[in-house]
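This is target37.txt. It holds compact mmCIF, C-alpha atoms and all ligand atoms.
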# COMPACT_ATOMS: atom_id res chain seq x y z
CA MET A 24 -42.02 121.94 -76.75
CA ASN A 25 -41.40 119.25 -74.20
CA SER A 26 -43.82 116.43 -74.99
CA PHE A 27 -43.78 115.35 -71.30
CA ASP A 28 -44.76 118.83 -70.08
CA ASN A 29 -48.15 118.15 -68.52
CA ARG A 30 -49.27 121.80 -68.82
CA GLN A 31 -49.67 121.64 -72.59
CA ILE A 32 -52.94 122.88 -74.07
CA LEU A 33 -54.45 121.85 -77.38
CA LEU A 34 -56.64 124.26 -79.37
CA TYR A 35 -58.92 122.79 -82.00
CA PHE A 36 -60.94 125.33 -83.97
CA LYS A 37 -61.82 124.84 -87.57
CA ASN A 38 -64.12 127.81 -87.82
CA SER A 39 -64.57 130.07 -84.86
CA GLU A 40 -65.50 133.59 -84.05
CA ILE A 41 -63.22 133.58 -81.02
CA GLY A 42 -60.11 133.74 -83.19
CA ASN A 43 -57.43 131.11 -82.74
CA PHE A 44 -54.62 133.56 -82.69
CA PHE A 45 -56.19 135.62 -79.95
CA LEU A 46 -56.73 132.57 -77.74
CA GLU A 47 -53.26 131.21 -78.42
CA GLN A 48 -51.64 134.49 -77.39
CA LEU A 49 -53.80 134.72 -74.30
CA ILE A 50 -52.80 131.24 -73.07
CA LEU A 51 -49.15 131.62 -74.04
CA GLY A 52 -49.22 134.83 -71.98
CA CYS A 53 -50.03 132.66 -68.94
CA GLY A 54 -46.91 130.57 -69.59
CA TYR A 55 -48.63 127.44 -70.93
CA PRO A 56 -47.36 125.74 -74.14
CA VAL A 57 -50.04 125.73 -76.87
CA THR A 58 -50.58 123.57 -79.95
CA MET A 59 -53.15 124.59 -82.54
CA VAL A 60 -54.83 122.15 -84.95
CA GLN A 61 -57.66 122.42 -87.42
CA THR A 62 -58.61 118.80 -88.07
CA ILE A 63 -59.53 115.86 -85.84
CA GLU A 64 -56.85 113.70 -87.49
CA GLU A 65 -54.21 116.28 -86.64
CA ALA A 66 -55.55 116.51 -83.07
CA LEU A 67 -55.31 112.75 -82.55
CA VAL A 68 -51.77 112.61 -83.95
CA VAL A 69 -50.43 115.37 -81.69
CA ALA A 70 -52.37 114.00 -78.68
CA ALA A 71 -50.57 110.67 -79.10
CA GLN A 72 -47.20 112.46 -79.07
CA ASN A 73 -47.84 114.94 -76.24
CA ASN A 74 -49.25 114.98 -72.76
CA PHE A 75 -52.05 117.55 -73.08
CA CYS A 76 -53.81 118.59 -69.93
CA LEU A 77 -56.55 120.62 -71.59
CA VAL A 78 -58.31 120.77 -74.94
CA ILE A 79 -60.21 123.87 -75.89
CA THR A 80 -62.57 123.44 -78.82
CA GLU A 81 -65.73 124.76 -80.34
CA PHE A 82 -68.89 122.75 -79.76
CA ASP A 83 -70.64 121.78 -82.95
CA PHE A 84 -73.87 119.85 -82.46
CA ASP A 85 -74.67 119.59 -86.08
CA SER A 86 -71.81 117.24 -86.91
CA GLN A 87 -70.16 114.26 -85.20
CA GLY A 88 -66.91 116.24 -85.16
CA THR A 89 -66.84 117.44 -81.56
CA SER A 90 -67.99 114.19 -79.97
CA ASP A 91 -65.55 112.16 -82.14
CA LEU A 92 -62.74 114.43 -81.03
CA ILE A 93 -63.63 114.07 -77.33
CA VAL A 94 -64.01 110.29 -77.46
CA GLY A 95 -60.85 109.89 -79.58
CA LEU A 96 -58.69 112.11 -77.34
CA ARG A 97 -59.92 110.44 -74.14
CA LYS A 98 -58.85 107.09 -75.55
CA VAL A 99 -55.34 108.48 -75.98
CA ASN A 100 -55.32 110.44 -72.72
CA PRO A 101 -58.02 109.52 -70.17
CA PHE A 102 -57.08 112.40 -67.86
CA VAL A 103 -57.42 115.25 -70.35
CA PHE A 104 -59.82 118.13 -69.48
CA PHE A 105 -62.14 119.79 -72.01
CA MET A 106 -63.38 123.33 -72.36
CA VAL A 107 -65.86 124.16 -75.12
CA TYR A 108 -66.71 127.41 -76.82
CA SER A 109 -70.16 128.07 -78.23
CA PRO A 110 -71.49 131.47 -79.35
CA ASN A 111 -74.76 130.95 -77.48
CA PHE A 112 -75.72 129.14 -74.31
CA SER A 113 -78.68 126.72 -74.50
CA PRO A 114 -80.08 123.91 -72.36
CA GLN A 115 -79.13 121.49 -75.15
CA LEU A 116 -75.52 122.73 -74.96
CA TYR A 117 -75.52 122.17 -71.21
CA THR A 118 -76.98 118.64 -71.58
CA GLU A 119 -74.42 117.69 -74.24
CA ALA A 120 -71.55 119.18 -72.25
CA THR A 121 -72.61 117.23 -69.17
CA LYS A 122 -72.90 114.03 -71.23
CA PHE A 123 -69.26 114.38 -72.33
CA SER A 124 -67.98 115.56 -68.92
CA ILE A 125 -66.91 118.95 -70.25
CA SER A 126 -65.33 120.99 -67.45
CA TYR A 127 -66.20 124.51 -68.62
CA ILE A 128 -68.42 126.17 -71.23
CA ILE A 129 -67.42 129.56 -72.69
CA THR A 130 -70.08 131.63 -74.45
CA LYS A 131 -70.37 135.13 -75.86
CA PRO A 132 -69.60 137.74 -74.69
CA ILE A 133 -66.26 136.20 -73.67
CA ASP A 134 -65.16 137.14 -70.20
CA ILE A 135 -61.37 136.99 -70.44
CA ASP A 136 -60.87 136.72 -66.67
CA TYR A 137 -63.33 133.83 -66.43
CA LEU A 138 -61.71 132.11 -69.43
CA LEU A 139 -58.24 132.37 -67.87
CA PHE A 140 -59.60 131.23 -64.53
CA CYS A 141 -61.08 128.12 -66.26
CA VAL A 142 -57.79 127.39 -68.07
CA LYS A 143 -55.71 127.71 -64.87
CA SER A 144 -58.22 125.62 -62.93
CA CYS A 145 -58.05 122.80 -65.52
CA VAL A 146 -54.23 122.90 -65.57
CA LYS A 147 -54.18 122.73 -61.77
CA GLN A 148 -56.67 119.86 -61.53
CA HIS A 149 -54.85 117.92 -64.25
CA SER A 150 -51.55 118.45 -62.49
CA PHE A 151 -53.08 117.13 -59.25
CA LEU A 152 -54.54 114.08 -61.03
CA TRP A 153 -51.21 113.52 -62.77
CA SER A 154 -49.31 113.48 -59.49
CA LEU A 155 -51.89 111.11 -58.00
CA ARG A 156 -51.45 108.84 -61.00
CA LYS A 157 -47.67 108.93 -60.58
CA GLU A 158 -47.97 108.13 -56.86
CA ASN A 159 -50.32 105.30 -57.71
CA GLU A 160 -47.81 103.89 -60.20
CA ILE A 161 -45.01 104.14 -57.62
CA MET A 162 -47.20 102.40 -55.04
CA LYS A 163 -48.07 99.65 -57.52
CA GLU A 164 -44.37 99.18 -58.25
CA GLN A 165 -43.61 99.08 -54.51
CA ASN A 166 -46.43 96.62 -54.07
CA VAL A 167 -44.94 94.33 -56.71
CA ASN A 168 -41.55 94.60 -54.96
CA PHE A 169 -43.18 93.87 -51.59
CA GLN A 170 -44.91 90.84 -53.06
CA LYS A 171 -41.59 89.61 -54.48
CA GLN A 172 -39.93 90.14 -51.08
CA ASN A 173 -42.88 88.42 -49.43
CA ILE A 174 -42.59 85.36 -51.67
CA SER A 175 -38.87 85.20 -50.95
CA LEU A 176 -39.49 85.56 -47.19
CA VAL A 177 -42.17 82.84 -47.23
CA LYS A 178 -39.76 80.57 -49.10
CA ARG A 179 -36.99 81.26 -46.56
CA LEU A 180 -39.44 80.63 -43.74
CA GLU A 181 -40.52 77.33 -45.31
CA ASP A 182 -36.87 76.30 -45.71
CA SER A 183 -36.14 77.25 -42.10
CA THR A 184 -39.22 75.34 -40.90
CA LYS A 185 -38.11 72.28 -42.86
CA ASN A 186 -34.60 72.54 -41.40
CA LEU A 187 -36.05 72.99 -37.94
CA ALA A 188 -38.35 69.99 -38.38
CA LYS A 189 -35.36 67.93 -39.53
CA LEU A 190 -33.28 69.10 -36.58
CA TYR A 191 -36.15 68.25 -34.24
CA GLU A 192 -36.50 64.81 -35.81
CA ASP A 193 -32.72 64.27 -35.49
CA LEU A 194 -32.91 65.35 -31.86
CA ARG A 195 -35.83 63.01 -31.22
CA SER A 196 -34.08 60.01 -32.71
CA THR A 197 -30.85 60.89 -30.88
CA TYR A 198 -32.80 60.98 -27.60
CA LEU A 199 -34.51 57.69 -28.42
CA ARG A 200 -31.22 56.02 -29.34
CA THR A 201 -29.68 57.27 -26.08
CA ILE A 202 -32.58 55.99 -24.01
CA LYS A 203 -32.60 52.64 -25.82
CA ALA A 204 -28.87 52.31 -25.25
CA LEU A 205 -29.56 52.94 -21.58
CA ALA A 206 -32.32 50.31 -21.55
CA GLN A 207 -29.99 47.80 -23.21
CA ALA A 208 -27.32 48.64 -20.65
CA ILE A 209 -29.81 47.84 -17.89
CA ASP A 210 -30.67 44.50 -19.54
CA ALA A 211 -26.93 43.82 -19.76
CA ARG A 212 -26.48 44.29 -15.98
CA ASP A 213 -28.12 40.92 -15.52
CA HIS A 214 -26.78 38.29 -17.87
CA TYR A 215 -30.02 36.34 -17.37
CA THR A 216 -32.17 39.18 -18.68
CA HIS A 217 -29.92 39.99 -21.61
CA SER A 218 -32.11 40.95 -24.63
CA HIS A 219 -35.21 41.00 -22.40
CA SER A 220 -36.42 44.40 -23.68
CA GLN A 221 -35.89 43.38 -27.29
CA ASN A 222 -37.73 40.08 -26.73
CA VAL A 223 -40.66 41.90 -25.09
CA ALA A 224 -40.73 44.32 -28.03
CA ASN A 225 -40.85 41.44 -30.56
CA TYR A 226 -43.64 39.57 -28.72
CA SER A 227 -45.65 42.75 -28.11
CA VAL A 228 -45.51 43.80 -31.77
CA ARG A 229 -46.64 40.31 -32.88
CA ILE A 230 -49.61 40.36 -30.48
CA ALA A 231 -50.54 43.94 -31.49
CA GLU A 232 -50.40 42.99 -35.17
CA ARG A 233 -52.62 39.96 -34.46
CA LEU A 234 -55.12 42.34 -32.81
CA LYS A 235 -54.96 44.45 -36.00
CA LEU A 236 -54.04 47.64 -34.12
CA PRO A 237 -53.21 50.73 -36.20
CA LEU A 238 -49.57 50.98 -37.31
CA ARG A 239 -48.98 54.09 -35.18
CA GLU A 240 -50.19 52.30 -32.04
CA ILE A 241 -48.00 49.28 -32.82
CA GLU A 242 -45.00 51.60 -33.12
CA LEU A 243 -45.80 53.17 -29.71
CA ILE A 244 -46.06 49.69 -28.16
CA ARG A 245 -42.70 48.72 -29.70
CA GLN A 246 -41.02 51.84 -28.30
CA ALA A 247 -42.62 51.31 -24.87
CA ALA A 248 -41.48 47.67 -24.84
CA GLU A 249 -37.89 48.69 -25.59
CA LEU A 250 -37.96 51.12 -22.67
CA HIS A 251 -40.36 49.39 -20.24
CA ASP A 252 -37.81 48.41 -17.58
CA ILE A 253 -35.69 51.56 -17.75
CA GLY A 254 -36.77 52.37 -14.16
CA LYS A 255 -34.64 49.41 -12.99
CA ILE A 256 -31.67 51.75 -13.25
CA ALA A 257 -32.64 52.90 -9.74
CA ILE A 258 -32.56 49.34 -8.30
CA SER A 259 -29.32 48.15 -6.81
CA ASP A 260 -27.54 45.06 -8.19
CA ALA A 261 -27.94 43.44 -4.77
CA ILE A 262 -31.71 43.34 -5.28
CA LEU A 263 -31.84 43.04 -9.06
CA LEU A 264 -29.41 40.12 -9.25
CA LYS A 265 -30.44 38.42 -6.00
CA ALA A 266 -30.80 34.67 -6.42
CA ALA A 267 -32.74 34.10 -3.20
CA ALA A 268 -36.32 35.17 -2.50
CA LEU A 269 -36.79 38.91 -2.05
CA THR A 270 -37.71 40.46 1.28
CA MET A 271 -40.80 42.67 1.61
CA GLU A 272 -38.60 45.81 1.51
CA GLU A 273 -36.81 44.56 -1.59
CA TRP A 274 -40.14 43.90 -3.32
CA ILE A 275 -41.23 47.46 -2.52
CA GLU A 276 -38.05 48.69 -4.25
CA ILE A 277 -38.65 46.46 -7.28
CA LYS A 278 -42.24 47.66 -7.59
CA LYS A 279 -41.08 51.26 -7.94
CA HIS A 280 -39.48 50.67 -11.35
CA PRO A 281 -42.53 51.39 -13.60
CA GLN A 282 -43.06 54.76 -11.89
CA VAL A 283 -39.33 55.57 -11.86
CA GLY A 284 -39.14 54.66 -15.56
CA ALA A 285 -42.02 57.03 -16.34
CA GLN A 286 -40.29 59.80 -14.37
CA ILE A 287 -37.01 59.26 -16.26
CA LEU A 288 -38.83 59.59 -19.60
CA GLU A 289 -41.18 62.40 -18.56
CA PRO A 290 -39.00 65.31 -19.86
CA LEU A 291 -39.30 63.77 -23.35
CA THR A 292 -42.77 65.15 -23.98
CA PHE A 293 -42.97 63.61 -27.47
CA LEU A 294 -42.98 60.20 -25.72
CA SER A 295 -46.05 60.99 -23.58
CA GLU A 296 -48.12 58.01 -24.88
CA VAL A 297 -45.12 55.67 -24.58
CA ILE A 298 -44.51 56.84 -21.00
CA GLU A 299 -48.05 55.86 -19.96
CA LEU A 300 -47.49 52.32 -21.26
CA VAL A 301 -44.18 52.11 -19.36
CA ARG A 302 -45.96 53.27 -16.18
CA GLN A 303 -48.73 50.65 -16.56
CA HIS A 304 -46.77 47.59 -17.70
CA HIS A 305 -47.14 45.80 -14.33
CA GLU A 306 -50.85 46.53 -13.90
CA ARG A 307 -52.93 43.31 -13.82
CA PHE A 308 -56.31 42.82 -15.48
CA ASP A 309 -58.05 42.11 -12.12
CA GLY A 310 -56.62 45.23 -10.45
CA THR A 311 -54.01 43.48 -8.27
CA GLY A 312 -51.01 44.91 -10.14
CA TYR A 313 -48.88 47.98 -9.51
CA PRO A 314 -48.24 50.91 -9.23
CA ALA A 315 -51.90 52.13 -9.44
CA GLY A 316 -53.90 48.88 -9.16
CA LEU A 317 -55.84 49.73 -12.35
CA ARG A 318 -58.41 47.22 -13.64
CA ALA A 319 -59.42 45.90 -17.07
CA GLU A 320 -60.02 48.67 -19.67
CA ALA A 321 -58.66 51.31 -17.25
CA ILE A 322 -55.28 49.82 -18.23
CA LYS A 323 -54.21 50.87 -21.70
CA LEU A 324 -54.42 48.01 -24.24
CA GLY A 325 -50.75 48.55 -25.11
CA ALA A 326 -49.83 48.07 -21.43
CA ARG A 327 -51.94 44.88 -21.20
CA ILE A 328 -50.03 43.55 -24.23
CA LEU A 329 -46.66 44.56 -22.69
CA HIS A 330 -47.61 42.84 -19.43
CA LEU A 331 -48.26 39.50 -21.11
CA ALA A 332 -45.17 39.72 -23.36
CA ASP A 333 -43.06 40.67 -20.31
CA ALA A 334 -44.41 37.78 -18.23
CA TYR A 335 -43.93 35.28 -21.07
CA ASP A 336 -40.29 36.32 -21.61
CA ALA A 337 -39.63 36.13 -17.86
CA MET A 338 -41.00 32.56 -17.87
CA VAL A 339 -39.13 31.21 -20.89
CA THR A 340 -35.70 32.73 -20.14
CA PRO A 341 -33.41 31.86 -17.21
CA ARG A 342 -33.55 34.17 -14.20
CA ALA A 343 -31.27 34.66 -11.23
CA TYR A 344 -33.99 33.23 -8.96
CA ARG A 345 -34.90 30.37 -11.39
CA ILE A 346 -32.09 29.12 -13.53
CA GLU A 347 -34.22 26.50 -15.33
CA PRO A 348 -36.71 28.38 -17.53
CA PHE A 349 -40.25 27.19 -18.29
CA SER A 350 -40.79 25.31 -21.50
CA LYS A 351 -42.99 27.09 -24.03
CA GLY A 352 -45.84 24.65 -23.23
CA LYS A 353 -45.60 25.26 -19.50
CA ALA A 354 -45.46 29.02 -19.99
CA VAL A 355 -48.56 28.87 -22.20
CA GLU A 356 -50.38 26.80 -19.54
CA GLU A 357 -49.40 29.35 -16.89
CA ILE A 358 -50.72 32.20 -19.04
CA LYS A 359 -53.97 30.36 -19.75
CA ARG A 360 -54.40 29.69 -16.02
CA ASN A 361 -54.10 33.43 -15.30
CA THR A 362 -56.43 34.59 -18.09
CA GLY A 363 -58.99 37.06 -16.77
CA SER A 364 -57.06 37.56 -13.51
CA GLN A 365 -53.53 38.64 -14.44
CA PHE A 366 -54.02 38.84 -18.21
CA ASP A 367 -56.61 40.38 -20.53
CA PRO A 368 -58.51 37.48 -22.25
CA GLN A 369 -58.46 39.17 -25.70
CA VAL A 370 -54.68 39.68 -25.44
CA VAL A 371 -54.22 36.03 -24.37
CA GLU A 372 -56.32 34.92 -27.34
CA ALA A 373 -54.11 36.85 -29.77
CA PHE A 374 -50.99 35.55 -28.00
CA LEU A 375 -52.16 31.93 -28.29
CA ASP A 376 -52.68 32.47 -32.02
CA ILE A 377 -49.06 33.47 -32.55
CA VAL A 378 -47.15 31.68 -29.77
CA GLU A 379 -46.27 28.70 -31.96
CA SER A 380 -44.29 30.94 -34.30
CA LEU A 381 -42.35 32.70 -31.49
FE FE B 401 -40.95 45.54 -15.51
FE FE B 402 -39.65 43.48 -17.99
Take the structure I supplied and represent it as structure tokens, if you would.
Ligand SMILES: [Fe+2]
Ligand SMILES: [Fe+2]
Amino acid sequence: MNSFDNRQILLYFKNSEIGNFFLEQLILGCGYPVTMVQTIEEALVVAAQNNFCLVITEFDFDSQGTSDLIVGLRKVNPFVFFMVYSPNFSPQLYTEATKFSISYIITKPIDIDYLLFCVKSCVKQHSFLWSLRKENEIMKEQNVNFQKQNISLVKRLEDSTKNLAKLYEDLRSTYLRTIKALAQAIDARDHYTHSHSQNVANYSVRIAERLKLPLREIELIRQAAELHDIGKIAISDAILLKAAALTMEEWIEIKKHPQVGAQILEPLTFLSEVIELVRQHHERFDGTGYPAGLRAEAIKLGARILHLADAYDAMVTPRAYRIEPFSKGKAVEEIKRNTGSQFDPQVVEAFLDIVESL
């Protein structure tokens, strides 16, 4: 007998009128393998070694035997079906059979056709349950494999995201380095304004630190200071390096540089906050600056800081139009004189606190 054959039937009769041999021959005649036992111990041993689909047994209410057998066999094989034989039908038999989920009850006189119908029906139902169980196991296995694949995909996705983030960061810093190189090249066009952007960056950061601005904002101000005059790329040397006073038309050209600078940087969307500071770095506190004529708090604090740092550096370094620079004292006096008109008083206050150490 093949122990994995799921059509096997177990007969357990210790003392029956039905006749074990008769029943065995009847079931074997239907093509189902049969095992016959006469004790519960024997039944449990063979049940552990074989895949029975149906157990046919007598129902004995007077002893624990039948219920022990049912409970014991279900522990070994939860899907097994039960048919019970009892000489007489009674409501108590029906109640007990229902309690133990017995599929069919056979009583005297035995109807052979009905008995075979019950056997075939149990074999069929068990076979259906068995295939469902197998499918369920396969699905569980597939599920485990899917989960493994999923974990591996998530890991690959995380790695790719990290690589992408690194690439993006590399690209960002490459862009920034390129733009800064450009800004330095513009400073270098005029030997008088050499290092101007770097000086403005140093002063701006010192003022921003004095104002206790958040680190992120200080970093934005530093970047904006390094790039603030990038729009001067569009101004010709004839105007930019002119030693004499500028004509009205030339001033109009000069005044375009904050807007031109913002336009140059605009495609670099990650610099959006920096770009706004570049655009506003010539706005004055009283609204007389350019390009928009913004007033007071309408000008970003970072731009108000840049404006003062820019003006201070222009005063204390030589220029084409003024070879002799202001002394630090004179520049400070000039800034104080323009507090509240050109410069934001709170920015001036912070500047005065640190100017000695510049
Ligand atoms: Fe400027
Ligand atoms: Fe400047």
Checklist line | All residues 8 Å or closer to Ala248 of chain A, only C-alpha atoms, same chain fewer than 5 positions away omitted, as a list in words | finding: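 Close residues of Ala248 of chain A: Ser220, Gln221, Val223, Ala224, Ser227, Val301 and Leu329 of chain A.
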Note to self: Using all atoms listed in the file, which residues have at least one atom no more than 7 Å from ligand FE 402 (chain B)? Output them as a list in words.
What the structure shows: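 What falls inside 7 Å of ligand FE 402 (chain B) is His219, Ser220, His251, Asp252 and Asp333 of chain A.
Coordinates place atom CA of Glu47 of chain A at a distance of 11.7 Å from atom CA of Leu139 of chain A.
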Notebook entry, point to check: Residues around (-36.1, 58.9, -13.8), cut-off 12 Å, counting all atoms listed in the file - what are they as a list of chain:residue names?
Noted result: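 Answer for this query, in the requested form: A:Ile202, A:Leu205, A:Leu250, A:Asp252, A:Ile253, A:Gly254, A:Lys255, A:Ile256, A:Ala257, A:Ile258, A:Lys279, A:His280, A:Pro281, A:Gln282, A:Val283, A:Gly284, A:Ala285, A:Gln286, A:Ile287, A:Leu288, A:Glu289, A:Pro290, A:Leu291, A:Ile298, A:Val301, A:Arg302.
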Check: Nearest to Tyr191 of chain A among A:Phe293, A:Phe36, A:Lys147, A:Val69, with distances taken over all atoms listed in the file: which residue is it?
Finding: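 Result for the nearest residue to Tyr191 of chain A: A:Phe293.
Between Phe45 of chain A and the residues A:Glu65, A:Leu155, A:Ile135, A:Ala247, the shortest atom-to-atom distance, using all atoms listed in the file, involves A:Ile135.
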Check: Which residue out of A:Leu152, A:Arg345, A:Cys141, A:Ser350 has the minimum interatomic distance to Ile128 of chain A when only C-alpha atoms are used?
Finding: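 With only C-alpha atoms as the atom set, the closest residue is A:Cys141.
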Checklist line | Near-Glu64 of chain A list (12 Å; all atoms listed in the file; drop same-chain fewer than 2 positions) as a ChimeraX atom specification | finding: /A:35,60-62,66-71,88,91-92,95-96
Any chance you could export the current selection's C-alpha atoms as a PDB file, in the coordinates of the input?
ATOM      1  CA  TYR A  35     -58.920 122.790 -82.000  1.00  0.00           C
ATOM      2  CA  VAL A  60     -54.830 122.150 -84.950  1.00  0.00           C
ATOM      3  CA  GLN A  61     -57.660 122.420 -87.420  1.00  0.00           C
ATOM      4  CA  THR A  62     -58.610 118.800 -88.070  1.00  0.00           C
ATOM      5  CA  ALA A  66     -55.550 116.510 -83.070  1.00  0.00           C
ATOM      6  CA  LEU A  67     -55.310 112.750 -82.550  1.00  0.00           C
ATOM      7  CA  VAL A  68     -51.770 112.610 -83.950  1.00  0.00           C
ATOM      8  CA  VAL A  69     -50.430 115.370 -81.690  1.00  0.00           C
ATOM      9  CA  ALA A  70     -52.370 114.000 -78.680  1.00  0.00           C
ATOM     10  CA  ALA A  71     -50.570 110.670 -79.100  1.00  0.00           C
ATOM     11  CA  GLY A  88     -66.910 116.240 -85.160  1.00  0.00           C
ATOM     12  CA  ASP A  91     -65.550 112.160 -82.140  1.00  0.00           C
ATOM     13  CA  LEU A  92     -62.740 114.430 -81.030  1.00  0.00           C
ATOM     14  CA  GLY A  95     -60.850 109.890 -79.580  1.00  0.00           C
ATOM     15  CA  LEU A  96     -58.690 112.110 -77.340  1.00  0.00           C
TER      16      LEU A  96
END
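Ranking A:Ser183, A:Asn74, A:Thr311, A:Gln303 by their shortest atom-to-atom distance to ligand FE 401 (chain B), with all atoms listed in the file included, puts A:Gln303 first.
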Note to self: Let me make sure I understand: among A:Lys351, A:Arg360, A:His330, A:Lys122, which one has the smallest atom-to-atom distance to ligand FE 401 (chain B) if we use only C-alpha atoms and all ligand atoms?
What the structure shows: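 Checking each of A:Lys351, A:Arg360, A:His330, A:Lys122 against ligand FE 401 (chain B), counting only C-alpha atoms and all ligand atoms, the winner is A:His330.
Closest approach to Lys323 of chain A from the set A:Leu238, A:Thr184, A:Thr362, A:Leu300 is made by A:Leu300, with distances taken over only C-alpha atoms.
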Quick one: what's the axis-aligned box for segment 353-369 of chain A, all listed atoms, 4 Å on every side, centre and edges in Å to one decimal, as lines of an AutoDock Vina configuration file?
center_x = -52.2
center_y = 32.8
center_z = -19.6
size_x = 21.5
size_y = 23.1
size_z = 20.2
